[in-house]
Amino acid sequence: MANVTLAEAVKMCDAAIAKAEELGIKIAATVVDSGMNLVAEHKMDGTLILAIEGSRGKAVASVIFGQPSGELEARADRPVMRSLQIQMNGRFIMGQGALPIVRDGEVIGACGVGGGTSEEDEQCARAGIDTL
């Protein structure tokens with residue numbers, strides 16, 4: 001299975017942060033591979049600690065479900081999803097702000113952002129993925 005590379009992940013985090021600077025917000029950006037493993041994580045000076053955890057949790061949700069984390073929000077309170085969150089020790093967050101990284105039709109990772117509004121986070125994640 002292919003995975004996002006470290007060089008690609010760093011480039012995505014940098015682009016997400018550049019977008020955040022353009023928007024005037026402080027964020028954390030996280031890239032995980034297809035196995036939910038951390039590849040790169042950058043945070044801006046002054047970013048809240050919760051933004052760091054949020055960016056990672058949203059990235060994990062996006063990669064395991066293979067879709068934008070915002071599309072999962074409507075299902076977050078369903079019993080199966082709550083059970084999965086408990087089984088995975090709350091490792092994923094079903095909230096807008098992360099997008100899967102797809103290469104040749106295969107999910108190879110995800111880029112998640114935390115710190116802005118949900119929409120701003122997704123814009124920053126998109127800016128990161130667009131570097132590919």
# chains A, B, ... in the order shown; residues from 1 in each chain; ligands from 1

call {"tool": "select_by_dssp", "arguments": {"residues": "chain A", "states": "alpha helix (DSSP H)", "output": "MDAnalysis selection string"}}
result
chainID A and resid 6:23 49:65 79:87 118:129

call {"tool": "residues_around", "arguments": {"residues": "A:Asp33", "least_positions_apart": "6", "cutoff": "7 Å", "atoms": "only C-alpha atoms", "output": "list in words"}}
result
Asn3, Val4, Val39, Ile108, Gly109 and Ala110 of chain A

call {"tool": "closest_residue", "arguments": {"among": "A:Glu53, A:Arg91, A:Ile129, A:Ala29", "to": "A:Arg103", "atoms": "only C-alpha atoms"}}
result
A:Ile129

call {"tool": "atom_distance", "arguments": {"atom1": "atom CA of A:Ser118", "atom2": "atom CA of A:Gly70"}}
result
8.2 Å

call {"tool": "select_by_dssp", "arguments": {"residues": "stretch 53-117 of chain A", "states": "strand (DSSP E)", "output": "ChimeraX atom specification"}}
result
/A:98-103,106-114

call {"tool": "residues_around", "arguments": {"residues": "stretch 93-101 of chain A", "least_positions_apart": "3", "cutoff": "8 Å", "atoms": "only C-alpha atoms", "output": "PyMOL selection string"}}
result
chain A and resi 4+54-55+57-63+66-73+76+90+107-114+118-123+125-126+129

call {"tool": "residues_around", "arguments": {"residues": "A:Gly24", "least_positions_apart": "6", "cutoff": "12 Å", "atoms": "only C-alpha atoms", "output": "PyMOL selection string"}}
result
chain A and resi 17-18+44+115-117+120+124

call {"tool": "write_last_selection", "arguments": {"atoms": "C-alpha atoms", "output": "PDB file, in the first residue's frame"}}
result
ATOM      1  CA  ILE A  17       0.018  27.243   7.580  1.00  0.00           C
ATOM      2  CA  ALA A  18       0.546  29.695   4.709  1.00  0.00           C
ATOM      3  CA  MET A  44       1.968  28.031  14.487  1.00  0.00           C
ATOM      4  CA  GLY A 115      -7.539  26.133  15.254  1.00  0.00           C
ATOM      5  CA  GLY A 116      -9.882  28.094  12.996  1.00  0.00           C
ATOM      6  CA  THR A 117     -13.552  27.686  12.268  1.00  0.00           C
ATOM      7  CA  GLU A 120     -11.261  27.701   7.744  1.00  0.00           C
ATOM      8  CA  CYS A 124      -6.244  25.153   5.080  1.00  0.00           C
TER       9      CYS A 124
END

call {"tool": "atom_distance", "arguments": {"atom1": "atom CA of A:Thr131", "atom2": "atom CA of A:Thr5"}}
result
12.9 Å

call {"tool": "residues_around", "arguments": {"residues": "A:Val10", "least_positions_apart": "4", "cutoff": "8 Å", "atoms": "only C-alpha atoms", "output": "list in words"}}
result
Leu6, Asp14, Ala40 and Glu41 of chain A

call {"tool": "write_last_selection", "arguments": {"atoms": "C-alpha atoms", "output": "PDB file, in the first residue's frame"}}
result
ATOM      1  CA  LEU A   6       7.504  12.813   4.710  1.00  0.00           C
ATOM      2  CA  ASP A  14       3.652  24.386   5.277  1.00  0.00           C
ATOM      3  CA  ALA A  40       4.193  15.378  10.058  1.00  0.00           C
ATOM      4  CA  GLU A  41       2.636  17.870  12.419  1.00  0.00           C
TER       5      GLU A  41
END

call {"tool": "atom_distance", "arguments": {"atom1": "atom CA of A:Lys11", "atom2": "atom CA of A:Asp45"}}
result
18.1 Å

call {"tool": "closest_residue", "arguments": {"among": "A:Ala7, A:Ala16, A:Ile52, A:Ala2", "to": "A:Asp130", "atoms": "only C-alpha atoms"}}
result
A:Ala16
